[in-house]
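A short worksheet on the structure shown next.
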Amino acid sequence: MDNNVKLQKAKEMVDKINDLPTIPIVATKVLELLDKPDCELDEVADMILTDQVLAARVIKIVNSPLYRSAHEIKSVKRALVFLGFRHIRELALTCSFIEAFQGKDGAFDVMTFWEHSFGVGIVAKIIAQRARYMDTEKAYLAGIIHDIGEVFLSYYYKKEFLQILEDIKGEPYKLVDAEQRFWGTDHSYIGYAIAQKWNFPNEYGEVIAYHHRPSEAVLDPTLVAIVNLADLFCSVRQLNYGGREWVSFNLADEPAWELLKQFAPHIAKLDIERFCYELDDRVPEVQDLVKSIFEGMIME
């Protein structure tokens, strides 16, 4: 089926939902502020403080193992000083994504979904570092938001999604292929349609659209390849959710690995088995991070 047809079908499914959440207005204003060449840190901190949920999440995440701050950070301003401007954008979008789908009853457990999403983000960041990709924070954020279409289907097409999960249980089908058979589109196209509605930067939209088909990426195929590999890794470790128990893969055999080698030839010398063991060691850290972010907030 033609990609344009799949995207059109995805847009129709998204447009049917009248109560689709939007990016919180405060986060949008933060992103606008950060685009200004004369942006002041105090201005950004004051804006974040007008949304107490966003402020609380920023402090939760900056105190998580991911950022490894030496001392507990208790104020938004100190958090922003510690993070620097590059990380604030990442954090604002991450928190917005969490907030947008908060408190709904979906087809799969919300904590395992976020463990997968943050796991892909962290693994993408590590792969990006090894590949000497210039913007590891972009890789991290792209990893977190890559499955935005999946969480949409889980919430808004719950009955049909549960049926798909049941149909493929124990069967050699990827979830994305089962979605194609059922809807004539899949979560990557749906995620892209949402990213367009939310005015996400184009590079992030491309990752969402092509994270299962990195060879089709145009704007930044290296970034898409990094997220594809991170997604595959997390799907066969303890960071998966729904319908993926059968999947196995060899990192070096993946088309995305070939794409990555074109960008970073030195990565061909990487001891992949050892690298995967190193990534395995990060799994408990991801689970602790997600627990920390959602502790006491899950019903807000």
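Every chain in the structure tokens has a letter given in the order shown (A, B, ...), and although residue numbers restart at 1 in each chain, ligands are simply numbered from 1 in the order shown.
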Write down as a PDB file with N, CA and C atoms, in the first residue's frame the residues of range 165-283 of chain A whose backbone DSSP state falls under helix (DSSP H, G or I).
```
ATOM      1  N   LEU A 165      -3.527  -7.332  19.967  1.00  0.00           N
ATOM      2  CA  LEU A 165      -2.554  -7.921  20.900  1.00  0.00           C
ATOM      3  C   LEU A 165      -2.883  -9.386  21.168  1.00  0.00           C
ATOM      4  N   GLU A 166      -4.178  -9.674  21.290  1.00  0.00           N
ATOM      5  CA  GLU A 166      -4.614 -11.061  21.530  1.00  0.00           C
ATOM      6  C   GLU A 166      -4.333 -11.940  20.319  1.00  0.00           C
ATOM      7  N   ASP A 167      -4.601 -11.393  19.138  1.00  0.00           N
ATOM      8  CA  ASP A 167      -4.427 -12.163  17.895  1.00  0.00           C
ATOM      9  C   ASP A 167      -2.970 -12.564  17.647  1.00  0.00           C
ATOM     10  N   ILE A 168      -2.036 -11.681  18.027  1.00  0.00           N
ATOM     11  CA  ILE A 168      -0.631 -11.973  17.698  1.00  0.00           C
ATOM     12  C   ILE A 168       0.133 -12.615  18.854  1.00  0.00           C
ATOM     13  N   LEU A 175       3.995  -6.208  15.922  1.00  0.00           N
ATOM     14  CA  LEU A 175       2.815  -5.400  16.198  1.00  0.00           C
ATOM     15  C   LEU A 175       2.528  -4.442  15.047  1.00  0.00           C
ATOM     16  N   VAL A 176       3.582  -3.835  14.496  1.00  0.00           N
ATOM     17  CA  VAL A 176       3.406  -2.871  13.409  1.00  0.00           C
ATOM     18  C   VAL A 176       2.767  -3.529  12.185  1.00  0.00           C
ATOM     19  N   ASP A 177       3.126  -4.792  11.898  1.00  0.00           N
ATOM     20  CA  ASP A 177       2.534  -5.504  10.763  1.00  0.00           C
ATOM     21  C   ASP A 177       1.076  -5.857  11.025  1.00  0.00           C
ATOM     22  N   ALA A 178       0.791  -6.222  12.285  1.00  0.00           N
ATOM     23  CA  ALA A 178      -0.594  -6.550  12.645  1.00  0.00           C
ATOM     24  C   ALA A 178      -1.487  -5.308  12.535  1.00  0.00           C
ATOM     25  N   GLU A 179      -0.961  -4.148  12.917  1.00  0.00           N
ATOM     26  CA  GLU A 179      -1.713  -2.893  12.784  1.00  0.00           C
ATOM     27  C   GLU A 179      -2.019  -2.608  11.319  1.00  0.00           C
ATOM     28  N   GLN A 180      -1.038  -2.846  10.463  1.00  0.00           N
ATOM     29  CA  GLN A 180      -1.229  -2.627   9.015  1.00  0.00           C
ATOM     30  C   GLN A 180      -2.360  -3.490   8.488  1.00  0.00           C
ATOM     31  N   ARG A 181      -2.362  -4.745   8.901  1.00  0.00           N
ATOM     32  CA  ARG A 181      -3.405  -5.667   8.418  1.00  0.00           C
ATOM     33  C   ARG A 181      -4.786  -5.239   8.903  1.00  0.00           C
ATOM     34  N   PHE A 182      -4.846  -4.740  10.127  1.00  0.00           N
ATOM     35  CA  PHE A 182      -6.137  -4.417  10.734  1.00  0.00           C
ATOM     36  C   PHE A 182      -6.671  -3.064  10.267  1.00  0.00           C
ATOM     37  N   TRP A 183      -5.805  -2.032  10.276  1.00  0.00           N
ATOM     38  CA  TRP A 183      -6.259  -0.666  10.002  1.00  0.00           C
ATOM     39  C   TRP A 183      -5.856  -0.128   8.635  1.00  0.00           C
ATOM     40  N   HIS A 187       1.103   2.595  13.811  1.00  0.00           N
ATOM     41  CA  HIS A 187       1.376   3.627  14.811  1.00  0.00           C
ATOM     42  C   HIS A 187       2.427   4.642  14.366  1.00  0.00           C
ATOM     43  N   SER A 188       3.292   4.274  13.424  1.00  0.00           N
ATOM     44  CA  SER A 188       4.308   5.239  12.977  1.00  0.00           C
ATOM     45  C   SER A 188       3.660   6.364  12.163  1.00  0.00           C
ATOM     46  N   TYR A 189       2.714   6.024  11.296  1.00  0.00           N
ATOM     47  CA  TYR A 189       1.991   7.049  10.524  1.00  0.00           C
ATOM     48  C   TYR A 189       1.077   7.866  11.437  1.00  0.00           C
ATOM     49  N   ILE A 190       0.437   7.184  12.381  1.00  0.00           N
ATOM     50  CA  ILE A 190      -0.452   7.875  13.317  1.00  0.00           C
ATOM     51  C   ILE A 190       0.353   8.840  14.189  1.00  0.00           C
ATOM     52  N   GLY A 191       1.508   8.371  14.656  1.00  0.00           N
ATOM     53  CA  GLY A 191       2.382   9.234  15.450  1.00  0.00           C
ATOM     54  C   GLY A 191       2.827  10.456  14.672  1.00  0.00           C
ATOM     55  N   TYR A 192       3.114  10.253  13.382  1.00  0.00           N
ATOM     56  CA  TYR A 192       3.535  11.373  12.533  1.00  0.00           C
ATOM     57  C   TYR A 192       2.404  12.389  12.384  1.00  0.00           C
ATOM     58  N   ALA A 193       1.175  11.883  12.227  1.00  0.00           N
ATOM     59  CA  ALA A 193       0.013  12.781  12.106  1.00  0.00           C
ATOM     60  C   ALA A 193      -0.156  13.611  13.382  1.00  0.00           C
ATOM     61  N   ILE A 194       0.070  12.997  14.535  1.00  0.00           N
ATOM     62  CA  ILE A 194      -0.022  13.725  15.808  1.00  0.00           C
ATOM     63  C   ILE A 194       1.112  14.749  15.920  1.00  0.00           C
ATOM     64  N   ALA A 195       2.319  14.337  15.539  1.00  0.00           N
ATOM     65  CA  ALA A 195       3.477  15.238  15.598  1.00  0.00           C
ATOM     66  C   ALA A 195       3.237  16.490  14.749  1.00  0.00           C
ATOM     67  N   GLN A 196       2.578  16.311  13.613  1.00  0.00           N
ATOM     68  CA  GLN A 196       2.250  17.465  12.762  1.00  0.00           C
ATOM     69  C   GLN A 196       1.240  18.380  13.457  1.00  0.00           C
ATOM     70  N   LYS A 197       0.237  17.781  14.086  1.00  0.00           N
ATOM     71  CA  LYS A 197      -0.767  18.566  14.807  1.00  0.00           C
ATOM     72  C   LYS A 197      -0.123  19.369  15.935  1.00  0.00           C
ATOM     73  N   ASN A 202      10.632  19.017  12.574  1.00  0.00           N
ATOM     74  CA  ASN A 202      10.571  18.035  11.482  1.00  0.00           C
ATOM     75  C   ASN A 202      11.423  16.796  11.727  1.00  0.00           C
ATOM     76  N   GLU A 203      12.606  16.964  12.356  1.00  0.00           N
ATOM     77  CA  GLU A 203      13.481  15.804  12.580  1.00  0.00           C
ATOM     78  C   GLU A 203      12.809  14.784  13.495  1.00  0.00           C
ATOM     79  N   TYR A 204      12.055  15.272  14.494  1.00  0.00           N
ATOM     80  CA  TYR A 204      11.366  14.353  15.397  1.00  0.00           C
ATOM     81  C   TYR A 204      10.206  13.665  14.686  1.00  0.00           C
ATOM     82  N   GLY A 205       9.503  14.427  13.845  1.00  0.00           N
ATOM     83  CA  GLY A 205       8.417  13.832  13.059  1.00  0.00           C
ATOM     84  C   GLY A 205       8.935  12.715  12.173  1.00  0.00           C
ATOM     85  N   GLU A 206      10.126  12.909  11.596  1.00  0.00           N
ATOM     86  CA  GLU A 206      10.698  11.888  10.726  1.00  0.00           C
ATOM     87  C   GLU A 206      11.046  10.619  11.507  1.00  0.00           C
ATOM     88  N   VAL A 207      11.586  10.777  12.701  1.00  0.00           N
ATOM     89  CA  VAL A 207      11.893   9.605  13.532  1.00  0.00           C
ATOM     90  C   VAL A 207      10.618   8.827  13.839  1.00  0.00           C
ATOM     91  N   ILE A 208       9.566   9.545  14.227  1.00  0.00           N
ATOM     92  CA  ILE A 208       8.293   8.898  14.545  1.00  0.00           C
ATOM     93  C   ILE A 208       7.759   8.151  13.317  1.00  0.00           C
ATOM     94  N   ALA A 209       7.850   8.784  12.150  1.00  0.00           N
ATOM     95  CA  ALA A 209       7.302   8.195  10.918  1.00  0.00           C
ATOM     96  C   ALA A 209       8.096   6.978  10.447  1.00  0.00           C
ATOM     97  N   TYR A 210       9.433   7.015  10.589  1.00  0.00           N
ATOM     98  CA  TYR A 210      10.274   6.008   9.934  1.00  0.00           C
ATOM     99  C   TYR A 210      11.089   5.137  10.890  1.00  0.00           C
ATOM    100  N   PRO A 214      14.032   2.898   8.617  1.00  0.00           N
ATOM    101  CA  PRO A 214      15.035   3.975   8.627  1.00  0.00           C
ATOM    102  C   PRO A 214      15.621   4.309   7.262  1.00  0.00           C
ATOM    103  N   SER A 215      15.605   3.340   6.344  1.00  0.00           N
ATOM    104  CA  SER A 215      16.172   3.596   5.013  1.00  0.00           C
ATOM    105  C   SER A 215      15.352   4.617   4.230  1.00  0.00           C
ATOM    106  N   GLU A 216      14.099   4.888   4.658  1.00  0.00           N
ATOM    107  CA  GLU A 216      13.246   5.855   3.965  1.00  0.00           C
ATOM    108  C   GLU A 216      13.438   7.284   4.486  1.00  0.00           C
ATOM    109  N   PRO A 221      18.786  10.473   8.421  1.00  0.00           N
ATOM    110  CA  PRO A 221      18.703   9.012   8.488  1.00  0.00           C
ATOM    111  C   PRO A 221      19.524   8.409   9.617  1.00  0.00           C
ATOM    112  N   THR A 222      20.619   9.081  10.002  1.00  0.00           N
ATOM    113  CA  THR A 222      21.443   8.564  11.106  1.00  0.00           C
ATOM    114  C   THR A 222      20.646   8.559  12.407  1.00  0.00           C
ATOM    115  N   LEU A 223      19.935   9.644  12.674  1.00  0.00           N
ATOM    116  CA  LEU A 223      19.115   9.719  13.892  1.00  0.00           C
ATOM    117  C   LEU A 223      18.034   8.642  13.878  1.00  0.00           C
ATOM    118  N   VAL A 224      17.386   8.459  12.744  1.00  0.00           N
ATOM    119  CA  VAL A 224      16.327   7.442  12.637  1.00  0.00           C
ATOM    120  C   VAL A 224      16.914   6.047  12.837  1.00  0.00           C
ATOM    121  N   ALA A 225      18.098   5.798  12.284  1.00  0.00           N
ATOM    122  CA  ALA A 225      18.762   4.497  12.448  1.00  0.00           C
ATOM    123  C   ALA A 225      19.095   4.249  13.912  1.00  0.00           C
ATOM    124  N   ILE A 226      19.570   5.268  14.615  1.00  0.00           N
ATOM    125  CA  ILE A 226      19.916   5.140  16.040  1.00  0.00           C
ATOM    126  C   ILE A 226      18.678   4.741  16.846  1.00  0.00           C
ATOM    127  N   VAL A 227      17.557   5.412  16.592  1.00  0.00           N
ATOM    128  CA  VAL A 227      16.327   5.119  17.342  1.00  0.00           C
ATOM    129  C   VAL A 227      15.791   3.736  16.970  1.00  0.00           C
ATOM    130  N   ASN A 228      15.890   3.364  15.699  1.00  0.00           N
ATOM    131  CA  ASN A 228      15.465   2.030  15.265  1.00  0.00           C
ATOM    132  C   ASN A 228      16.216   0.940  16.024  1.00  0.00           C
ATOM    133  N   LEU A 229      17.536   1.075  16.126  1.00  0.00           N
ATOM    134  CA  LEU A 229      18.351   0.078  16.822  1.00  0.00           C
ATOM    135  C   LEU A 229      18.035   0.052  18.317  1.00  0.00           C
ATOM    136  N   ALA A 230      17.847   1.231  18.906  1.00  0.00           N
ATOM    137  CA  ALA A 230      17.508   1.306  20.324  1.00  0.00           C
ATOM    138  C   ALA A 230      16.151   0.660  20.597  1.00  0.00           C
ATOM    139  N   ASP A 231      15.205   0.886  19.694  1.00  0.00           N
ATOM    140  CA  ASP A 231      13.864   0.301  19.820  1.00  0.00           C
ATOM    141  C   ASP A 231      13.935  -1.219  19.745  1.00  0.00           C
ATOM    142  N   LEU A 232      14.689  -1.730  18.785  1.00  0.00           N
ATOM    143  CA  LEU A 232      14.844  -3.180  18.648  1.00  0.00           C
ATOM    144  C   LEU A 232      15.486  -3.775  19.890  1.00  0.00           C
ATOM    145  N   PHE A 233      16.529  -3.120  20.393  1.00  0.00           N
ATOM    146  CA  PHE A 233      17.212  -3.622  21.581  1.00  0.00           C
ATOM    147  C   PHE A 233      16.244  -3.712  22.761  1.00  0.00           C
ATOM    148  N   CYS A 234      15.510  -2.628  23.014  1.00  0.00           N
ATOM    149  CA  CYS A 234      14.601  -2.604  24.169  1.00  0.00           C
ATOM    150  C   CYS A 234      13.444  -3.583  24.008  1.00  0.00           C
ATOM    151  N   SER A 235      13.080  -3.885  22.765  1.00  0.00           N
ATOM    152  CA  SER A 235      11.959  -4.797  22.510  1.00  0.00           C
ATOM    153  C   SER A 235      12.305  -6.245  22.827  1.00  0.00           C
ATOM    154  N   LEU A 251      22.076  -7.170  16.280  1.00  0.00           N
ATOM    155  CA  LEU A 251      22.328  -5.760  15.996  1.00  0.00           C
ATOM    156  C   LEU A 251      23.081  -5.561  14.683  1.00  0.00           C
ATOM    157  N   ALA A 252      24.115  -6.352  14.474  1.00  0.00           N
ATOM    158  CA  ALA A 252      24.994  -6.162  13.311  1.00  0.00           C
ATOM    159  C   ALA A 252      24.321  -6.543  11.990  1.00  0.00           C
ATOM    160  N   ASP A 253      23.230  -7.298  12.051  1.00  0.00           N
ATOM    161  CA  ASP A 253      22.544  -7.720  10.821  1.00  0.00           C
ATOM    162  C   ASP A 253      21.460  -6.739  10.384  1.00  0.00           C
ATOM    163  N   PRO A 255      19.537  -3.470   8.923  1.00  0.00           N
ATOM    164  CA  PRO A 255      19.794  -2.420   7.926  1.00  0.00           C
ATOM    165  C   PRO A 255      20.210  -1.095   8.581  1.00  0.00           C
ATOM    166  N   ALA A 256      19.634  -0.810   9.757  1.00  0.00           N
ATOM    167  CA  ALA A 256      19.963   0.438  10.449  1.00  0.00           C
ATOM    168  C   ALA A 256      21.433   0.465  10.876  1.00  0.00           C
ATOM    169  N   TRP A 257      21.998  -0.707  11.172  1.00  0.00           N
ATOM    170  CA  TRP A 257      23.420  -0.779  11.553  1.00  0.00           C
ATOM    171  C   TRP A 257      24.292  -0.385  10.356  1.00  0.00           C
ATOM    172  N   GLU A 258      23.881  -0.813   9.162  1.00  0.00           N
ATOM    173  CA  GLU A 258      24.614  -0.425   7.940  1.00  0.00           C
ATOM    174  C   GLU A 258      24.534   1.080   7.728  1.00  0.00           C
ATOM    175  N   LEU A 259      23.351   1.659   7.966  1.00  0.00           N
ATOM    176  CA  LEU A 259      23.191   3.112   7.855  1.00  0.00           C
ATOM    177  C   LEU A 259      24.107   3.834   8.841  1.00  0.00           C
ATOM    178  N   LEU A 260      24.179   3.295  10.049  1.00  0.00           N
ATOM    179  CA  LEU A 260      25.007   3.917  11.082  1.00  0.00           C
ATOM    180  C   LEU A 260      26.487   3.838  10.725  1.00  0.00           C
ATOM    181  N   LYS A 261      26.891   2.734  10.138  1.00  0.00           N
ATOM    182  CA  LYS A 261      28.308   2.577   9.739  1.00  0.00           C
ATOM    183  C   LYS A 261      28.694   3.560   8.631  1.00  0.00           C
ATOM    184  N   GLN A 262      27.717   3.906   7.778  1.00  0.00           N
ATOM    185  CA  GLN A 262      28.012   4.904   6.740  1.00  0.00           C
ATOM    186  C   GLN A 262      28.325   6.259   7.365  1.00  0.00           C
ATOM    187  N   PHE A 263      27.618   6.567   8.460  1.00  0.00           N
ATOM    188  CA  PHE A 263      27.854   7.825   9.167  1.00  0.00           C
ATOM    189  C   PHE A 263      29.118   7.734  10.031  1.00  0.00           C
ATOM    190  N   PRO A 265      32.045   5.057  10.375  1.00  0.00           N
ATOM    191  CA  PRO A 265      32.729   3.805  10.001  1.00  0.00           C
ATOM    192  C   PRO A 265      33.426   3.121  11.177  1.00  0.00           C
ATOM    193  N   HIS A 266      33.866   3.901  12.174  1.00  0.00           N
ATOM    194  CA  HIS A 266      34.589   3.314  13.312  1.00  0.00           C
ATOM    195  C   HIS A 266      33.716   2.349  14.116  1.00  0.00           C
ATOM    196  N   ILE A 267      32.390   2.472  13.993  1.00  0.00           N
ATOM    197  CA  ILE A 267      31.496   1.648  14.801  1.00  0.00           C
ATOM    198  C   ILE A 267      31.531   0.183  14.364  1.00  0.00           C
ATOM    199  N   ALA A 268      32.058  -0.075  13.162  1.00  0.00           N
ATOM    200  CA  ALA A 268      32.183  -1.458  12.679  1.00  0.00           C
ATOM    201  C   ALA A 268      33.109  -2.284  13.580  1.00  0.00           C
ATOM    202  N   LYS A 269      34.008  -1.609  14.299  1.00  0.00           N
ATOM    203  CA  LYS A 269      34.969  -2.312  15.168  1.00  0.00           C
ATOM    204  C   LYS A 269      34.413  -2.571  16.567  1.00  0.00           C
ATOM    205  N   ILE A 272      30.031  -5.915  19.605  1.00  0.00           N
ATOM    206  CA  ILE A 272      28.581  -5.761  19.767  1.00  0.00           C
ATOM    207  C   ILE A 272      28.048  -6.553  20.956  1.00  0.00           C
ATOM    208  N   GLU A 273      28.555  -7.757  21.149  1.00  0.00           N
ATOM    209  CA  GLU A 273      28.067  -8.574  22.260  1.00  0.00           C
ATOM    210  C   GLU A 273      28.357  -7.894  23.596  1.00  0.00           C
ATOM    211  N   ARG A 274      29.568  -7.375  23.727  1.00  0.00           N
ATOM    212  CA  ARG A 274      29.930  -6.672  24.961  1.00  0.00           C
ATOM    213  C   ARG A 274      29.092  -5.404  25.126  1.00  0.00           C
ATOM    214  N   PHE A 275      28.870  -4.711  24.016  1.00  0.00           N
ATOM    215  CA  PHE A 275      28.065  -3.490  24.040  1.00  0.00           C
ATOM    216  C   PHE A 275      26.649  -3.784  24.538  1.00  0.00           C
ATOM    217  N   CYS A 276      26.066  -4.883  24.069  1.00  0.00           N
ATOM    218  CA  CYS A 276      24.712  -5.262  24.500  1.00  0.00           C
ATOM    219  C   CYS A 276      24.674  -5.582  25.998  1.00  0.00           C
ATOM    220  N   TYR A 277      25.750  -6.201  26.509  1.00  0.00           N
ATOM    221  CA  TYR A 277      25.821  -6.462  27.953  1.00  0.00           C
ATOM    222  C   TYR A 277      25.869  -5.146  28.730  1.00  0.00           C
ATOM    223  N   GLU A 278      26.611  -4.169  28.198  1.00  0.00           N
ATOM    224  CA  GLU A 278      26.681  -2.856  28.840  1.00  0.00           C
ATOM    225  C   GLU A 278      25.288  -2.208  28.871  1.00  0.00           C
ATOM    226  N   LEU A 279      24.559  -2.334  27.766  1.00  0.00           N
ATOM    227  CA  LEU A 279      23.204  -1.768  27.711  1.00  0.00           C
ATOM    228  C   LEU A 279      22.279  -2.477  28.694  1.00  0.00           C
ATOM    229  N   ASP A 280      22.447  -3.798  28.811  1.00  0.00           N
ATOM    230  CA  ASP A 280      21.629  -4.561  29.767  1.00  0.00           C
ATOM    231  C   ASP A 280      21.767  -4.012  31.183  1.00  0.00           C
ATOM    232  N   VAL A 283      19.248  -1.315  32.284  1.00  0.00           N
ATOM    233  CA  VAL A 283      17.805  -1.581  32.371  1.00  0.00           C
ATOM    234  C   VAL A 283      17.227  -1.217  33.743  1.00  0.00           C
TER     235      VAL A 283
END
```
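One finds CA of Ala100 in chain A at 10.8 Å from CA of Asp19 in chain A.
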(message) Would you pick out the contacts of range 33-42 of chain A at 10 Å or less, using only C-alpha atoms, so that residues sharing its chain but fewer than 3 positions from it are not included, and give the list as JSON, numbers by chain?
(response) {"A": [27, 28, 29, 30, 45, 46, 47, 48, 76, 77, 80, 81, 84, 85, 86, 88, 89]}
Give me a file of those residues, with all heavy atoms, as a compact mmCIF listing (two decimals), in the first residue's frame.
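Okay, part-v5.txt is ready:
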```txt
# COMPACT_ATOMS: atom_id res chain seq x y z
N ALA A 27 4.36 24.66 28.17
CA ALA A 27 5.49 24.04 27.49
C ALA A 27 5.70 24.68 26.12
O ALA A 27 6.85 24.90 25.69
CB ALA A 27 5.25 22.54 27.34
N THR A 28 4.62 24.97 25.43
CA THR A 28 4.72 25.64 24.12
C THR A 28 5.41 26.99 24.27
O THR A 28 6.28 27.35 23.47
CB THR A 28 3.31 25.84 23.51
OG1 THR A 28 2.64 24.58 23.46
CG2 THR A 28 3.40 26.41 22.11
N LYS A 29 5.03 27.74 25.33
CA LYS A 29 5.65 29.05 25.56
C LYS A 29 7.13 28.92 25.91
O LYS A 29 7.95 29.75 25.52
CB LYS A 29 4.90 29.79 26.66
CG LYS A 29 3.53 30.30 26.22
CD LYS A 29 2.82 31.03 27.35
CE LYS A 29 1.47 31.57 26.89
NZ LYS A 29 0.71 32.19 28.01
N VAL A 30 7.47 27.87 26.66
CA VAL A 30 8.88 27.62 27.00
C VAL A 30 9.68 27.39 25.72
O VAL A 30 10.78 27.94 25.55
CB VAL A 30 9.01 26.41 27.96
CG1 VAL A 30 10.48 25.95 28.06
CG2 VAL A 30 8.48 26.76 29.34
N ALA A 45 12.52 29.93 33.76
CA ALA A 45 12.18 29.38 35.07
C ALA A 45 10.82 29.90 35.54
O ALA A 45 9.98 29.12 36.03
CB ALA A 45 13.26 29.73 36.09
N ASP A 46 10.60 31.20 35.40
CA ASP A 46 9.31 31.79 35.81
C ASP A 46 8.15 31.19 35.02
O ASP A 46 7.07 30.94 35.57
CB ASP A 46 9.33 33.31 35.62
CG ASP A 46 10.23 34.01 36.63
OD1 ASP A 46 10.59 33.37 37.63
OD2 ASP A 46 10.58 35.18 36.39
N MET A 47 8.37 30.96 33.73
CA MET A 47 7.32 30.37 32.89
C MET A 47 7.01 28.95 33.34
O MET A 47 5.84 28.56 33.47
CB MET A 47 7.77 30.38 31.42
CG MET A 47 6.72 29.84 30.46
SD MET A 47 5.18 30.80 30.46
CE MET A 47 5.77 32.31 29.69
N ILE A 48 8.03 28.15 33.60
CA ILE A 48 7.82 26.76 34.04
C ILE A 48 7.07 26.74 35.38
O ILE A 48 6.20 25.90 35.61
CB ILE A 48 9.17 26.01 34.14
CG1 ILE A 48 9.71 25.74 32.73
CG2 ILE A 48 9.03 24.69 34.92
CD1 ILE A 48 11.11 25.13 32.69
N VAL A 76 13.46 24.98 40.44
CA VAL A 76 13.44 24.95 38.98
C VAL A 76 14.64 25.71 38.42
O VAL A 76 15.30 25.25 37.48
CB VAL A 76 12.12 25.55 38.44
CG1 VAL A 76 12.20 25.78 36.94
CG2 VAL A 76 10.95 24.62 38.75
N LYS A 77 14.94 26.85 39.01
CA LYS A 77 16.06 27.64 38.49
C LYS A 77 17.38 26.87 38.58
O LYS A 77 18.17 26.85 37.63
CB LYS A 77 16.17 28.98 39.24
CG LYS A 77 17.21 29.90 38.61
CD LYS A 77 17.18 31.29 39.21
CE LYS A 77 18.25 32.16 38.56
NZ LYS A 77 18.28 33.51 39.16
N LEU A 80 17.52 24.28 35.93
CA LEU A 80 17.83 24.81 34.60
C LEU A 80 19.30 25.18 34.48
O LEU A 80 19.91 24.99 33.42
CB LEU A 80 16.94 26.03 34.29
CG LEU A 80 15.42 25.78 34.30
CD1 LEU A 80 14.69 27.00 33.75
CD2 LEU A 80 15.04 24.54 33.52
N VAL A 81 19.87 25.72 35.55
CA VAL A 81 21.31 26.03 35.54
C VAL A 81 22.11 24.74 35.35
O VAL A 81 23.06 24.68 34.57
CB VAL A 81 21.73 26.75 36.85
CG1 VAL A 81 23.25 26.84 36.95
CG2 VAL A 81 21.12 28.14 36.91
N GLY A 84 21.36 23.39 31.60
CA GLY A 84 21.77 24.18 30.44
C GLY A 84 20.63 24.27 29.44
O GLY A 84 19.69 23.46 29.44
N PHE A 85 20.69 25.26 28.56
CA PHE A 85 19.59 25.54 27.63
C PHE A 85 19.27 24.37 26.71
O PHE A 85 18.12 24.13 26.36
CB PHE A 85 19.91 26.79 26.80
CG PHE A 85 19.47 28.07 27.44
CD1 PHE A 85 19.30 28.15 28.81
CD2 PHE A 85 19.21 29.19 26.68
CE1 PHE A 85 18.88 29.33 29.41
CE2 PHE A 85 18.80 30.39 27.27
CZ PHE A 85 18.64 30.45 28.64
N ARG A 86 20.29 23.63 26.27
CA ARG A 86 20.05 22.54 25.31
C ARG A 86 19.12 21.49 25.90
O ARG A 86 18.28 20.92 25.21
CB ARG A 86 21.37 21.89 24.90
CG ARG A 86 22.16 22.70 23.90
CD ARG A 86 23.42 21.96 23.52
NE ARG A 86 23.12 20.70 22.86
CZ ARG A 86 24.00 19.70 22.76
NH1 ARG A 86 25.19 19.82 23.27
NH2 ARG A 86 23.68 18.60 22.14
N ILE A 88 16.87 21.94 28.32
CA ILE A 88 15.55 22.42 28.75
C ILE A 88 14.49 22.10 27.71
O ILE A 88 13.38 21.67 28.03
CB ILE A 88 15.58 23.94 29.02
CG1 ILE A 88 16.60 24.28 30.10
CG2 ILE A 88 14.20 24.43 29.45
CD1 ILE A 88 16.91 25.76 30.22
N ARG A 89 14.83 22.28 26.44
CA ARG A 89 13.89 21.96 25.36
C ARG A 89 13.49 20.48 25.42
O ARG A 89 12.31 20.13 25.34
CB ARG A 89 14.53 22.27 24.00
CG ARG A 89 13.62 22.01 22.82
CD ARG A 89 14.39 22.21 21.52
NE ARG A 89 14.94 23.56 21.42
CZ ARG A 89 14.23 24.60 20.98
NH1 ARG A 89 12.98 24.45 20.62
NH2 ARG A 89 14.78 25.79 20.90
```
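Using only C-alpha atoms, the smallest distance between any of A:Arg78, A:Arg57, A:His211, A:Arg132 and Glu99 in chain A comes from A:Arg57.
Nearest residue to Lys291 in chain A, choosing from A:Phe101, A:Phe108, A:Phe118, A:Tyr67 and counting only C-alpha atoms: A:Phe118.
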(request) Name the closest residue to Thr136 in chain A among the candidates A:Ala107, A:Ala70, A:Ile148, A:Ile122; distances are taken between atoms, counting only C-alpha atoms. (result) A:Ile122
(request) Mind giving me the straight-line distance from CA of Ala92 in chain A to CA of Glu115 in chain A in Å, one decimal? (result) 18.5 Å
(request) Report the distance between CA of Glu12 in chain A and CA of Thr185 in chain A in Å, rounded to one decimal place. (result) 10.6 Å
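Candidate residues A:Val110, A:Ile145, A:Val14, A:Val123 were compared for distance to Leu91 in chain A, and the nearest is A:Ile145, using only C-alpha atoms.
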